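In what follows, a single structure is set out as structure tokens and then discussed.
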Amino acid sequence: MPGHRRRLLPDPAPAESPIVQPTASRSPVLLRIVAIAVTVGFAFPAGYLVWRNFTFHSDPLGVLFSERTRGPLLRTLRLAVLVSASTAVLGTALAWVTTRCDIPFRRMWQALLPLPLVFPTFIGAAALIRTLNPGGLLSDWLDNLGLVWDVEMRGLFGAWLALTLFTYPYVYLPVAARLRRLPGSAEETARLLGDRPLAIIRRVVLPQTATAISAGTLLVFLYAISDFGAVQLMRYDTVSRAIYTTRLNNQPVSMALSVILLVLAAVVVLVERGATRRFEHAAPVRSRSPVIYRLGRAKPIAVAFLAGSVALALLGPLASLADWAIDGIRLEASGGRDLLVGWDDVWAPTWHTAYGSILAAAVSVAVVLPAAHLVVHHRSRIGTAANAVIVSAFALPGILIGLALLFWTLKTDVGSHLRNTLVLLVFAYIVRFGGQTMRTSQVAVAAVSSRLTDAARTLGAGWGRRFRSLELPLMAPGLLAGGGLVMLSVMKELPITLLIAPFDFPTLTTKAFNSIEEAFVAEAGIWSGVLVVLSGVLTWLFIVRRADYFD
Amino acid sequence: MVLVPPVPLLSVQDVYKCFEGASVIEECSLEVGRGEMVSLLGPSGCGKTTLLRIIAGLERADRGTIHVAGTQVAGNGTWVRPEDRNVGMVFQDWALFPHLDVAKNVGYGVSRSKRSAEVANTLELVNLPGMQDRLPETLSGGQQQRVALARALAPQPTALLLDEPFSNLDSALRREVRAEVRRLLQTTGMTAVFVTHDREEALVLGDRVAVMDAGRIVQIGSPAEVYQEPASPWVASFIGDVSLYPAHADGPVAQTDFGSIPLLNARQGPVEVAVRPEEVELHSGDNGAGTHTVEEFEFQGADSMVTVTSPTGARLLARVSGTQSFAPGDRVCPSYAGPPAAAFARSGPG
């Protein structure tokens, strides 16, 4: 749809006499049945986990409140709070500098700053370890200058730094989008009334971006409690890592921890619901031209801040991945050590990654569409309920979905048929990430307004022609956007893939993770490099170019 | 005079429609002759758009029948789908297909074989040559409006329905586009019904005006009829500025405290007379003498609107030439200098 892409959001209805709303007609029965079935699917892993926890052994509450679970819980909370705080500050500051200050190369910074999203956290964490640990790139380099660096990347500090650097875009993107849309007039008024820039930020800008900041920060909080990759590599024993390590030898503890994590995620979802309701009145207006502040002598500081962030979160990790791969290839060329990857071997995991993520994306879009349609065009109660469940499932940490489905296939007859199948893996991906398509699907469905189909009907177009010529092309951009987000997420997914992927279905993430854990550095560099390039392309297509969409 | 077209091209009989228990259209009937242009005028929410959508087939009436060119399309168990009615419609926000260029929008309703010729013709007709490849969002409001019109006209519909077609244009453009559309519909001889809440638009464009209120058509007639012979006080004030002035009728004449006013229909007893402001003349009283007091004076350029009050507190609007000037507090003598006026029964002393 060339030229149509920018009109992703539906036009507001004209202010004059109200357009006759499509009657809240009864939705087609088939659509409702499909929506209910999909909802049950999305709720299944969490439901199974709870049910199992309370039927599996005699003293669920005893384990739930034991010493074994308290430590991981406290660590998870500590990490999540620290990461949320630091990303809120970092993301907001970066957004403000790139949208409101007279910095050079603005477009370049705006394109680079979301890109740390291309790193799965475990790859980012591995790269940080490799770069910043004593003996890593940075300390080698500092050694040459005669400086000593002995901060070790481990535990809380390492996990905090890794998560902050690789999740701040979740705050940066919505805040920057909001700042771009805020009308400059409010800031100009404050200025005319005598406020200095700092006062304007505090009294005008921050209150108006509060929704965006809090939404982004909540997303980061959710990410931090569910993260498995970074904490595993940094050896910081949070709930999700503890679940992983106890899943085989101490299932009651593993189960109890899962329920704790589930409750934590549910709390975040509830807070999010409450927050969006409270802030609903904040209406963004497309701004003519935002106010730009002259930094003057502070400009070098601002540029250094941007450059430092990009260097730490993007260039450093990329350099160390390249460093690993090149080292390994050079070593093999000189006959030092054979690489454990032949070039032929790269193809299969790459294909698996692409295949799995495309499949999950396509099916996600298809199964979410009925619910989106019910919500937008029929204002149906079933649609609303399905919407809530599907979107909330996005808060489910992957490790929980993986664990629930793993146990299900191990402990039940029905489940055993699906053990080690691609079907189960894709199902898990959809439950985990399908919710991401809900909003874009709703936008897609809403793009086919009843006025347009009415117009087509008065011009003599029947059902088939309307679908071909209107509905499909109008929905396509929204559906593609949703599918792209799912693809990107699935590509970077680790714990689900680790737990339930078929044995003969290695993906780039599992290959990279195993290579890192077994310290095959060169191989890790190659797997990660391919993965980062793939996800980089998708991030560019579906996130950076659509940055405005995140408001 | 009541104009009843000999062969109605479009006929709406006793249409009734309710949404969720509340009626929005109550027993509406309307006949439109070939080549005639009827404006449906009413305030927001009076059901005029719903009536239009029922004619198009986009809503189903609960009762009543609709005929298009002699064929029954709805009612008594008959139902012709909107796509088979051959009735064109121009939507309030034009509803252009955002992903199709102008040529594809205009050609949407035309069969493939005739498409390119018809598109070129129609674009010529609406004065949009050379715009075929543009996407709707790149066009100005006036241009989008013309594309919407062209799209509705291209399949050569039996009749054209227009839903507030000018409300999305700014006022300067509106007058220009309005005149253009009228010329266009007249030259093509198109039968048209259009909905508006703008009384000036309704009077200028309609061969006849149907005034709607709360789901009913309360008066149908030529623009002059509706303006000069309103059927009710509500119509009188909805269709233009008016003073409903207390008077005492005695046959064909009503007596007011500033003189007598001829009446359209003979009446007896207390009435209120619909007095249009342009039919009132104001004379400065000599030496501060005068029956009425100026309360408000609004200079509007070519003329001025003056509000005066009688000793009993009745208010009277007068439109005077822009060269006349008054100030609040001035004493004046109004007089009536117009055609016979409509009068409505009034309770209370007169």
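So you can find residues: chains in the structure tokens are A, B, ... in the order shown, residues in each start at 1, and ligands are numbered from 1 in order.
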With only C-alpha atoms as the counted atoms, please give the residues lying no more than 6 Å from Thr350 (chain A), apart from itself and same-chain residues fewer than 3 positions off, as a PDB file with N, CA and C atoms, in the first residue's frame.
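The file below, part-v3.pdb, is the result:
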ATOM      1  N   TRP A 347      22.559 -22.637   8.420  1.00  0.00           N
ATOM      2  CA  TRP A 347      21.307 -22.538   7.692  1.00  0.00           C
ATOM      3  C   TRP A 347      20.125 -23.113   8.468  1.00  0.00           C
ATOM      4  N   THR A 353      14.392 -20.605  12.995  1.00  0.00           N
ATOM      5  CA  THR A 353      14.001 -19.351  13.640  1.00  0.00           C
ATOM      6  C   THR A 353      13.009 -18.582  12.772  1.00  0.00           C
ATOM      7  N   LEU A 508      18.214 -20.220  16.467  1.00  0.00           N
ATOM      8  CA  LEU A 508      19.378 -19.365  16.707  1.00  0.00           C
ATOM      9  C   LEU A 508      19.535 -19.054  18.190  1.00  0.00           C
TER      10      LEU A 508
END
(Q) Can you pull out the residues contacting Val431 (chain A)? Cut-off 6 Å, using only C-alpha atoms, and skip same-chain residues under 3 positions away; I want them as a ChimeraX atom specification. (A) /A:42,428,434
For all heavy atoms, I'd like the residues from the last selection saved as a PDB file, in the first residue's frame.
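Heads up, here's the output in again04.pdb:
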ATOM      1  N   PHE A  42      -5.593 -19.091  25.179  1.00  0.00           N
ATOM      2  CA  PHE A  42      -4.671 -18.128  25.787  1.00  0.00           C
ATOM      3  C   PHE A  42      -4.631 -18.276  27.309  1.00  0.00           C
ATOM      4  O   PHE A  42      -3.629 -17.988  27.941  1.00  0.00           O
ATOM      5  CB  PHE A  42      -5.077 -16.691  25.426  1.00  0.00           C
ATOM      6  CG  PHE A  42      -4.458 -16.197  24.147  1.00  0.00           C
ATOM      7  CD1 PHE A  42      -5.020 -16.498  22.923  1.00  0.00           C
ATOM      8  CD2 PHE A  42      -3.294 -15.446  24.171  1.00  0.00           C
ATOM      9  CE1 PHE A  42      -4.455 -16.061  21.744  1.00  0.00           C
ATOM     10  CE2 PHE A  42      -2.706 -15.007  22.997  1.00  0.00           C
ATOM     11  CZ  PHE A  42      -3.285 -15.310  21.772  1.00  0.00           C
ATOM     12  N   ALA A 428       2.730 -22.076  22.195  1.00  0.00           N
ATOM     13  CA  ALA A 428       3.317 -21.327  23.313  1.00  0.00           C
ATOM     14  C   ALA A 428       3.727 -19.927  22.872  1.00  0.00           C
ATOM     15  O   ALA A 428       3.479 -18.933  23.580  1.00  0.00           O
ATOM     16  CB  ALA A 428       4.529 -22.081  23.869  1.00  0.00           C
ATOM     17  N   GLY A 434       1.028 -13.278  21.172  1.00  0.00           N
ATOM     18  CA  GLY A 434      -0.118 -12.972  20.317  1.00  0.00           C
ATOM     19  C   GLY A 434      -0.827 -11.686  20.719  1.00  0.00           C
ATOM     20  O   GLY A 434      -1.351 -10.965  19.887  1.00  0.00           O
TER      21      GLY A 434
END
Output as a PDB file with C-alpha atoms, in the first residue's frame the set of chain B residues within 8 Å of chain A, with distances taken over only C-alpha atoms.
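Produced file selection-v4.pdb, reproduced below:
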ATOM      1  CA  SER B  44     -29.005  17.376  14.682  1.00  0.00           C
ATOM      2  CA  GLY B  45     -30.537  14.085  15.673  1.00  0.00           C
ATOM      3  CA  THR B  49     -29.660  11.085   8.018  1.00  0.00           C
ATOM      4  CA  THR B  50     -31.421   7.897   9.086  1.00  0.00           C
ATOM      5  CA  ALA B  56     -30.287   4.002   0.243  1.00  0.00           C
ATOM      6  CA  LEU B  58     -28.169   1.027   4.463  1.00  0.00           C
ATOM      7  CA  PRO B  82     -28.321  -1.334  -1.373  1.00  0.00           C
ATOM      8  CA  GLU B  83     -25.830  -2.625  -3.928  1.00  0.00           C
ATOM      9  CA  ASP B  84     -28.712  -3.455  -6.253  1.00  0.00           C
ATOM     10  CA  ARG B  85     -30.744  -0.251  -5.858  1.00  0.00           C
ATOM     11  CA  ASN B  86     -28.719   1.962  -8.159  1.00  0.00           C
ATOM     12  CA  VAL B  87     -29.091   4.875  -5.783  1.00  0.00           C
ATOM     13  CA  GLY B  88     -25.937   6.952  -5.394  1.00  0.00           C
ATOM     14  CA  MET B  89     -24.863   8.475  -2.122  1.00  0.00           C
ATOM     15  CA  VAL B  90     -22.392  11.171  -1.113  1.00  0.00           C
ATOM     16  CA  PHE B  91     -21.380  10.766   2.512  1.00  0.00           C
ATOM     17  CA  ASP B  93     -17.111  12.822   5.322  1.00  0.00           C
ATOM     18  CA  ALA B  95     -15.866   8.173   2.655  1.00  0.00           C
ATOM     19  CA  LEU B  96     -13.313   8.089  -0.136  1.00  0.00           C
ATOM     20  CA  PHE B  97     -11.400   4.838  -0.288  1.00  0.00           C
ATOM     21  CA  PRO B  98      -8.055   5.939   1.164  1.00  0.00           C
ATOM     22  CA  HIS B  99      -6.005   3.260  -0.601  1.00  0.00           C
ATOM     23  CA  TYR B 108     -15.420   1.818  -8.413  1.00  0.00           C
ATOM     24  CA  GLY B 109     -19.095   1.563  -9.300  1.00  0.00           C
ATOM     25  CA  LEU B 135      -4.552   9.612  -3.578  1.00  0.00           C
ATOM     26  CA  ALA B 152     -21.508   8.693  -6.869  1.00  0.00           C
ATOM     27  CA  PRO B 155     -22.451   4.692 -12.325  1.00  0.00           C
ATOM     28  CA  SER B 167     -20.453  20.448   6.306  1.00  0.00           C
ATOM     29  CA  ASN B 168     -16.770  19.501   6.164  1.00  0.00           C
TER      30      ASN B 168
END
(Q) Neighbouring residues of Gln324 (chain B) were defined as those with any atom within 9 Å, considering only C-alpha atoms; residues of the same chain fewer than 4 positions away were excluded. Please report them as a PyMOL selection string. (A) chain B and resi 303-304+320
Q. Among region 169-336 of chain B, which ones does DSSP place in alpha helix (DSSP H), written as a ChimeraX atom specification?
A. /B:171-188,199-205,223-228,233-239
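Using only C-alpha atoms, the nearest neighbour of Arg32 (chain A) within the list A:Met234, A:Ile496, A:Leu369, A:Val50 is A:Leu369.
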Do a neighbour search on region 191-207 of chain B at 7 Å with only C-alpha atoms, toss out local chain neighbours closer than 2 positions, and write the hits as a CSV table (one decimal) with N, CA and C atoms, in the first residue's frame.
chain,number,residue,atom,x,y,z
B,34,ARG,N,-38.9,13.4,-10.9
B,34,ARG,CA,-37.7,13.3,-11.7
B,34,ARG,C,-37.1,14.6,-11.9
B,35,GLY,N,-35.8,14.6,-11.7
B,35,GLY,CA,-35.0,15.9,-11.8
B,35,GLY,C,-35.2,16.9,-10.7
B,36,GLU,N,-35.9,16.5,-9.7
B,36,GLU,CA,-36.2,17.5,-8.6
B,36,GLU,C,-35.1,17.4,-7.6
B,37,MET,N,-34.9,18.5,-6.9
B,37,MET,CA,-33.9,18.4,-5.8
B,37,MET,C,-34.7,18.8,-4.5
B,38,VAL,N,-34.6,17.9,-3.5
B,38,VAL,CA,-35.3,18.1,-2.3
B,38,VAL,C,-34.3,18.2,-1.2
B,39,SER,N,-34.4,19.3,-0.3
B,39,SER,CA,-33.5,19.3,0.8
B,39,SER,C,-34.3,18.9,2.0
B,40,LEU,N,-33.6,18.0,2.8
B,40,LEU,CA,-34.2,17.5,4.1
B,40,LEU,C,-33.5,18.4,5.2
B,41,LEU,N,-34.3,19.3,5.8
B,41,LEU,CA,-33.7,20.2,6.8
B,41,LEU,C,-34.1,19.9,8.2
B,42,GLY,N,-33.2,19.8,9.1
B,42,GLY,CA,-33.6,19.6,10.5
B,42,GLY,C,-32.5,19.7,11.4
B,43,PRO,N,-32.7,19.8,12.7
B,43,PRO,CA,-31.6,19.9,13.6
B,43,PRO,C,-30.9,18.6,13.8
B,44,SER,N,-29.7,18.6,14.4
B,44,SER,CA,-29.0,17.4,14.7
B,44,SER,C,-29.9,16.4,15.4
B,48,LYS,N,-32.9,12.8,10.0
B,48,LYS,CA,-32.8,13.1,8.6
B,48,LYS,C,-31.8,12.2,7.9
B,49,THR,N,-30.7,12.0,8.6
B,49,THR,CA,-29.7,11.1,8.0
B,49,THR,C,-30.2,9.6,8.0
B,159,ALA,N,-31.1,8.0,-8.7
B,159,ALA,CA,-31.2,9.2,-7.9
B,159,ALA,C,-29.9,9.3,-7.0
B,160,LEU,N,-29.7,10.6,-6.5
B,160,LEU,CA,-28.5,10.8,-5.7
B,160,LEU,C,-28.9,11.3,-4.3
B,161,LEU,N,-28.3,10.7,-3.3
B,161,LEU,CA,-28.6,11.1,-2.0
B,161,LEU,C,-27.3,11.8,-1.4
B,162,LEU,N,-27.4,12.9,-0.8
B,162,LEU,CA,-26.3,13.6,-0.3
B,162,LEU,C,-26.5,13.9,1.2
B,163,ASP,N,-25.5,13.4,2.0
B,163,ASP,CA,-25.7,13.5,3.5
B,163,ASP,C,-24.7,14.6,4.0
B,164,GLU,N,-25.3,15.8,4.3
B,164,GLU,CA,-24.5,16.9,4.7
B,164,GLU,C,-23.2,17.1,3.9
B,182,ARG,N,-24.9,22.6,-7.5
B,182,ARG,CA,-26.3,22.9,-8.0
B,182,ARG,C,-26.3,22.9,-9.5
B,189,GLY,N,-29.6,16.9,-14.8
B,189,GLY,CA,-31.0,16.5,-14.6
B,189,GLY,C,-31.2,15.5,-13.5
B,209,VAL,N,-38.2,22.1,0.1
B,209,VAL,CA,-37.6,21.8,1.4
B,209,VAL,C,-38.5,21.0,2.2
B,222,SER,N,-42.0,24.7,-1.2
B,222,SER,CA,-41.0,25.4,-1.9
B,222,SER,C,-40.2,26.3,-0.8
B,223,PRO,N,-39.0,26.7,-1.1
B,223,PRO,CA,-38.3,27.4,-0.1
B,223,PRO,C,-39.0,28.7,0.3
B,239,ILE,N,-36.3,28.1,10.5
B,239,ILE,CA,-36.0,28.4,9.1
B,239,ILE,C,-35.3,29.8,8.9
Q | Residues near Phe105 (chain A), cut-off 12 Å, only C-alpha atoms, skip fewer than 6 positions along chain, as JSON, numbers by chain | A | {"A": [97, 98, 99, 111, 112, 303, 306, 307]}
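The space separating CA of Val368 (chain A) from CA of Thr437 (chain A) comes to 7.0 Å.
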(Q) Give me the residues near Ala395 (chain A) as an MDAnalysis selection string, where near means some atom within 12 Å (using only C-alpha atoms) and where sequence neighbours in that chain fewer than 4 positions away do not count. (A) chainID A and resid 42:43 46 218:227 261:270 272 388:391 399:401 431:436
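For Ala154 (chain B), the list of residues within 7 Å, based on only C-alpha atoms and with local chain neighbours fewer than 4 positions off taken out, reads B:Val106, B:Gly107, B:Val110, B:Glu118, B:Val119, B:Thr122, B:Ala150.
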Q.
Run DSSP on the backbone and tell me which residues of region 115-326 of chain B come out as strand (DSSP E or B); list them as a PyMOL selection string.
A. chain B and resi 159-163+191-196+208-213+216-221+243-257+259-275+280-284+292-299+303-309+315-321
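Counting only C-alpha atoms, the residue from A:Leu295, A:Ala242, A:Ala256, A:Ala126 that sits nearest to Thr76 (chain A) is A:Ala242.
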Q) For the atom pair CA of Thr167 (chain A) and CA of Thr121 (chain A), what is the interatomic distance in Å to one decimal place? A) 8.5 Å
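In this structure, CA of Arg100 (chain A) sits 9.5 Å away from CA of Ala176 (chain A).
Nearest residue to Ser310 (chain B) among B:Met190, B:Val332, B:Cys46, B:Leu100 is B:Val332, counting only C-alpha atoms.
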